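So this one's my_file_3.csv, CSV, C-alpha atoms:
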```
chain,number,residue,atom,x,y,z
A,1,MET,CA,-15.9,30.5,32.0
A,2,PRO,CA,-14.5,29.0,28.8
A,3,SER,CA,-17.1,28.0,26.3
A,4,LEU,CA,-18.0,24.4,26.0
A,5,PRO,CA,-17.6,22.5,22.7
A,6,THR,CA,-20.6,22.4,20.4
A,7,VAL,CA,-22.6,19.2,20.0
A,8,GLN,CA,-23.1,17.7,16.6
A,9,PRO,CA,-26.7,16.8,15.9
A,10,GLY,CA,-27.5,13.2,15.1
A,11,LYS,CA,-27.3,9.7,16.6
A,12,ILE,CA,-23.9,8.1,17.2
A,13,ILE,CA,-24.0,4.6,15.6
A,14,LEU,CA,-20.4,3.7,15.6
A,15,ASN,CA,-17.1,4.6,17.3
A,16,GLY,CA,-13.7,3.0,16.6
A,17,GLU,CA,-10.7,2.7,14.2
A,18,ASN,CA,-10.4,1.9,10.5
A,19,PRO,CA,-6.9,1.8,9.2
A,20,PHE,CA,-6.6,0.8,5.5
A,21,ILE,CA,-4.1,-0.1,2.9
A,22,TRP,CA,-4.8,0.3,-0.9
A,23,LEU,CA,-2.0,-1.0,-3.1
A,24,HIS,CA,-1.6,-0.1,-6.8
A,25,GLU,CA,1.0,-1.2,-9.4
A,26,THR,CA,0.8,2.2,-11.1
A,27,LYS,CA,-0.2,5.7,-9.7
A,28,GLY,CA,-3.9,6.1,-10.3
A,29,GLY,CA,-4.3,2.5,-11.6
A,30,PRO,CA,-6.7,-0.1,-10.3
A,31,ARG,CA,-6.3,-1.3,-6.7
A,32,THR,CA,-4.5,-4.6,-6.6
A,33,THR,CA,-5.1,-4.9,-2.9
A,34,GLU,CA,-7.8,-3.3,-0.8
A,35,ALA,CA,-7.8,-4.0,2.9
A,36,SER,CA,-9.7,-2.3,5.7
A,37,ILE,CA,-9.4,-3.3,9.3
A,38,TRP,CA,-12.0,-2.1,11.9
A,39,THR,CA,-11.5,-2.0,15.7
A,40,ILE,CA,-15.0,-1.1,16.9
A,41,THR,CA,-15.4,0.1,20.5
A,42,TYR,CA,-19.1,0.9,20.2
A,43,SER,CA,-21.8,0.0,17.8
A,44,GLU,CA,-25.5,-1.0,17.9
A,45,LYS,CA,-24.3,-4.6,17.7
A,46,GLY,CA,-21.5,-4.4,20.3
A,47,SER,CA,-17.7,-4.2,19.9
A,48,GLY,CA,-15.1,-6.3,18.0
A,49,HIS,CA,-12.9,-6.4,14.9
A,50,ILE,CA,-13.4,-6.9,11.2
A,51,LEU,CA,-10.9,-7.3,8.3
A,52,LEU,CA,-12.2,-6.9,4.8
A,53,ILE,CA,-9.7,-7.8,2.1
A,54,LYS,CA,-9.7,-8.2,-1.7
A,55,SER,CA,-6.4,-8.9,-3.4
A,56,GLU,CA,-4.6,-11.2,-5.8
A,57,LEU,CA,-3.7,-13.1,-2.7
A,58,THR,CA,-7.5,-13.8,-2.2
A,59,ASN,CA,-8.0,-14.6,-5.9
A,60,ASN,CA,-9.5,-11.1,-6.3
A,61,LYS,CA,-12.5,-12.0,-4.2
A,62,TRP,CA,-13.6,-10.4,-0.9
A,63,SER,CA,-12.7,-12.2,2.3
A,64,ILE,CA,-14.1,-11.1,5.7
A,65,TYR,CA,-12.5,-12.0,9.0
A,66,THR,CA,-14.1,-11.1,12.4
A,67,ASP,CA,-14.6,-11.9,16.0
A,68,ASN,CA,-18.2,-10.7,16.0
A,69,HIS,CA,-20.5,-12.0,13.3
A,70,GLU,CA,-23.6,-10.0,14.2
A,71,MET,CA,-21.7,-6.7,14.2
A,72,THR,CA,-20.0,-7.6,10.9
A,73,ARG,CA,-23.3,-8.3,9.1
A,74,TRP,CA,-24.7,-5.0,10.6
A,75,MET,CA,-21.7,-3.1,9.3
A,76,GLN,CA,-22.2,-4.5,5.8
A,77,THR,CA,-25.7,-3.1,5.8
A,78,THR,CA,-24.7,0.3,7.2
A,79,VAL,CA,-21.3,2.2,7.2
A,80,GLN,CA,-19.1,-0.4,5.5
A,81,GLY,CA,-21.6,-1.2,2.8
A,82,MET,CA,-22.0,2.6,2.1
A,83,LEU,CA,-18.2,3.0,1.9
A,84,ASN,CA,-17.8,0.2,-0.6
A,85,PRO,CA,-21.0,-1.4,-2.0
A,86,GLU,CA,-19.1,-4.5,-3.0
A,87,THR,CA,-18.7,-5.3,0.7
A,88,ALA,CA,-22.5,-5.1,1.3
A,89,ASP,CA,-22.9,-8.5,-0.2
A,90,LEU,CA,-24.2,-10.7,2.7
A,91,SER,CA,-23.2,-13.9,0.9
A,92,ILE,CA,-19.5,-13.2,1.4
A,93,PRO,CA,-18.4,-15.9,3.9
A,94,ILE,CA,-17.3,-14.8,7.4
A,95,ILE,CA,-14.1,-16.3,8.8
A,96,ASP,CA,-13.5,-16.5,12.6
A,97,ALA,CA,-10.3,-14.8,13.6
A,98,ASP,CA,-8.2,-13.3,16.4
A,99,PHE,CA,-6.8,-9.8,16.1
A,100,SER,CA,-3.7,-8.2,17.6
A,101,ARG,CA,-1.7,-5.1,17.1
A,102,ASP,CA,1.7,-3.6,17.9
A,103,GLY,CA,3.6,-0.3,17.4
A,104,ASP,CA,3.5,3.3,18.6
A,105,VAL,CA,2.2,5.2,15.6
A,106,LEU,CA,5.2,7.5,15.8
A,107,ASN,CA,7.3,5.0,13.8
A,108,SER,CA,5.3,1.9,12.7
A,109,TRP,CA,2.0,0.3,13.3
A,110,ILE,CA,1.3,-3.5,12.8
A,111,GLN,CA,-2.0,-5.3,12.9
A,112,THR,CA,-2.2,-9.1,12.7
A,113,VAL,CA,-5.2,-11.3,11.9
A,114,LYS,CA,-5.1,-15.0,12.5
A,115,SER,CA,-7.7,-17.6,11.6
A,116,ALA,CA,-7.5,-21.4,11.6
A,117,GLN,CA,-6.0,-21.3,8.1
A,118,ASP,CA,-4.6,-17.8,7.5
A,119,GLU,CA,-2.4,-15.1,9.0
A,120,ILE,CA,-2.7,-11.6,7.5
A,121,VAL,CA,-0.2,-8.9,8.6
A,122,MET,CA,-0.8,-5.2,7.8
A,123,GLU,CA,2.1,-2.8,8.4
A,124,TRP,CA,2.3,1.0,8.1
A,125,TYR,CA,5.6,2.9,8.2
A,126,ASP,CA,6.9,6.5,8.1
A,127,ILE,CA,3.6,7.7,9.7
A,128,LYS,CA,2.9,11.4,9.1
A,129,ASP,CA,1.3,14.0,11.3
A,130,PRO,CA,-2.4,13.5,12.0
A,131,ILE,CA,-5.2,15.6,10.4
A,132,LEU,CA,-8.8,15.9,11.5
A,133,VAL,CA,-11.4,15.1,8.8
A,134,GLN,CA,-15.1,15.6,8.9
A,135,ASP,CA,-17.9,14.7,6.5
A,136,GLN,CA,-21.2,16.2,7.5
A,137,THR,CA,-23.2,15.1,4.4
A,138,ILE,CA,-26.0,13.2,6.1
A,139,ASN,CA,-29.1,12.2,4.2
A,140,GLU,CA,-27.6,13.2,0.9
A,141,PRO,CA,-27.9,10.6,-1.9
A,142,GLY,CA,-25.6,7.7,-1.1
A,143,ARG,CA,-24.3,9.3,2.1
A,144,PRO,CA,-26.7,8.5,5.0
A,145,TYR,CA,-24.0,9.0,7.6
A,146,GLY,CA,-21.6,11.7,8.7
A,147,VAL,CA,-18.2,11.0,10.2
A,148,SER,CA,-15.3,12.6,12.0
A,149,ALA,CA,-11.9,11.0,12.3
A,150,VAL,CA,-8.2,11.5,12.9
A,151,MET,CA,-6.2,10.4,9.9
A,152,MET,CA,-2.5,9.6,9.8
A,153,PRO,CA,-1.2,8.9,6.3
A,154,ALA,CA,1.7,6.5,5.9
A,155,GLY,CA,4.8,7.0,3.8
A,156,ASP,CA,5.0,3.2,3.2
A,157,ALA,CA,2.9,0.1,3.9
A,158,LYS,CA,2.7,-3.6,3.1
A,159,LEU,CA,0.4,-6.5,3.5
A,160,THR,CA,1.2,-10.2,3.7
A,161,LEU,CA,-1.1,-13.3,3.6
A,162,ASN,CA,0.5,-16.4,5.0
A,163,GLY,CA,4.0,-14.9,4.4
A,164,GLN,CA,3.3,-13.9,0.8
A,165,ARG,CA,3.5,-10.2,0.1
A,166,ALA,CA,0.8,-8.5,-1.9
A,167,LYS,CA,2.0,-6.9,-5.1
A,168,GLY,CA,1.8,-3.2,-5.7
A,169,LYS,CA,2.6,-0.3,-3.4
A,170,ILE,CA,1.0,2.8,-1.8
A,171,TRP,CA,1.0,6.1,-3.6
A,172,PRO,CA,0.9,9.7,-2.5
A,173,MET,CA,-2.4,11.6,-3.0
A,174,ASP,CA,-4.1,14.8,-2.1
A,175,LEU,CA,-6.9,15.1,0.5
A,176,ASN,CA,-8.5,18.5,0.2
A,177,GLY,CA,-5.2,20.2,-0.2
A,178,TYR,CA,-3.3,18.1,2.4
A,179,PRO,CA,-0.7,15.5,1.6
A,180,PHE,CA,-2.1,12.1,2.0
A,181,SER,CA,-1.5,8.5,0.7
A,182,THR,CA,-3.3,5.4,-0.2
A,183,ALA,CA,-2.6,3.9,3.2
A,184,ALA,CA,-3.4,5.5,6.5
A,185,LEU,CA,-4.3,5.0,10.1
A,186,ALA,CA,-7.8,6.2,10.9
A,187,PHE,CA,-8.5,6.6,14.6
A,188,SER,CA,-11.3,8.1,16.7
A,189,GLU,CA,-13.8,7.5,14.0
A,190,ASN,CA,-17.3,8.6,15.0
A,191,TRP,CA,-20.2,7.8,12.6
A,192,ARG,CA,-23.6,9.2,13.1
A,193,SER,CA,-27.0,9.2,11.5
A,194,GLU,CA,-29.5,12.0,11.4
A,195,ILE,CA,-32.5,11.8,13.8
A,196,ASN,CA,-35.6,12.5,11.8
```
In structure tokens, how does this file's structure come out?
Amino acid sequence: MPSLPTVQPGKIILNGENPFIWLHETKGGPRTTEASIWTITYSEKGSGHILLIKSELTNNKWSIYTDNHEMTRWMQTTVQGMLNPETADLSIPIIDADFSRDGDVLNSWIQTVKSAQDEIVMEWYDIKDPILVQDQTINEPGRPYGVSAVMMPAGDAKLTLNGQRAKGKIWPMDLNGYPFSTAALAFSENWRSEIN
């Protein structure tokens, strides 16, 4: 009989998607826009969506849009807060929003977030072949969680807020010897914590 896959130790705390767009005016320069959009199918606080964005379009302050407040605050104290400590600030206001998406990942992928006041559209183009990434550093300083994910770098991407396009662009980068970029689709994300 064929051998069965191995089981990674630890407790699954989160499953979902986390595409992102980081825009820079110069290669290696500061991020002018940082946007991360979660579609969560499983967490300890249920399912839902979150958009975290900081840009000149938001006056360089973090904005958070969601359809599940409790899950969002939990994410700020766990995985999201670990990935970017700035987003762990629970005083950042939460804005109610609806989320939709379109595309086929072979050509382009579009995610739209609509609140009572705003419409944010994130678009990824020229999507490259997927790669499987794993980070098994659990309980190391600053990394209490491990993750596996399918990452699909984009050759181009853009973000608009109420029809105004964010300045800057994405740039190529290296990910452990593989071609990557500062915008990517991140699917099948599984985050786990170690069981003591």
Within 10 Å of stretch 112-128 of chain A using all atoms listed in the file, minus same-chain residues under 2 positions, as a ChimeraX atom specification: /A:19-21,35-37,49-51,53,65-67,95-110,130-131,151-165,179-181,183-185
Using all atoms listed in the file, can you tell me which of A:Ala186, A:Gly10, A:Ser91, A:Ser193 comes closest to A:Trp38?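 Smallest distance to A:Trp38 is found for A:Ala186.
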Between atom CA of A:Ile13 and atom CA of A:Ala149, what is the distance, to one decimal in Å? 14.1 Å
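Between A:Asn18 and the candidates A:Leu52, A:Gly168, A:Gln134, A:Tyr178, the tightest atom-to-atom separation, counting all atoms listed in the file, involves A:Leu52.
Between atom CA of A:Thr87 and atom CA of A:Ile64 the interatomic distance comes to 8.9 Å.
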Extract, using all atoms listed in the file, all DNA, RNA and protein residues at most 9 Å from A:Lys11, discarding same-chain residues fewer than 2 positions from it, and format them as a PDB file with C-alpha atoms, keeping the file's coordinate frame.
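Below is the file selection27.pdb, written as the result:
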```pdb
ATOM      1  CA  PRO A   9     -26.700  16.800  15.900  1.00  0.00           C
ATOM      2  CA  ILE A  13     -24.000   4.600  15.600  1.00  0.00           C
ATOM      3  CA  TRP A 191     -20.200   7.800  12.600  1.00  0.00           C
ATOM      4  CA  ARG A 192     -23.600   9.200  13.100  1.00  0.00           C
ATOM      5  CA  SER A 193     -27.000   9.200  11.500  1.00  0.00           C
ATOM      6  CA  GLU A 194     -29.500  12.000  11.400  1.00  0.00           C
ATOM      7  CA  ILE A 195     -32.500  11.800  13.800  1.00  0.00           C
TER       8      ILE A 195
END
```
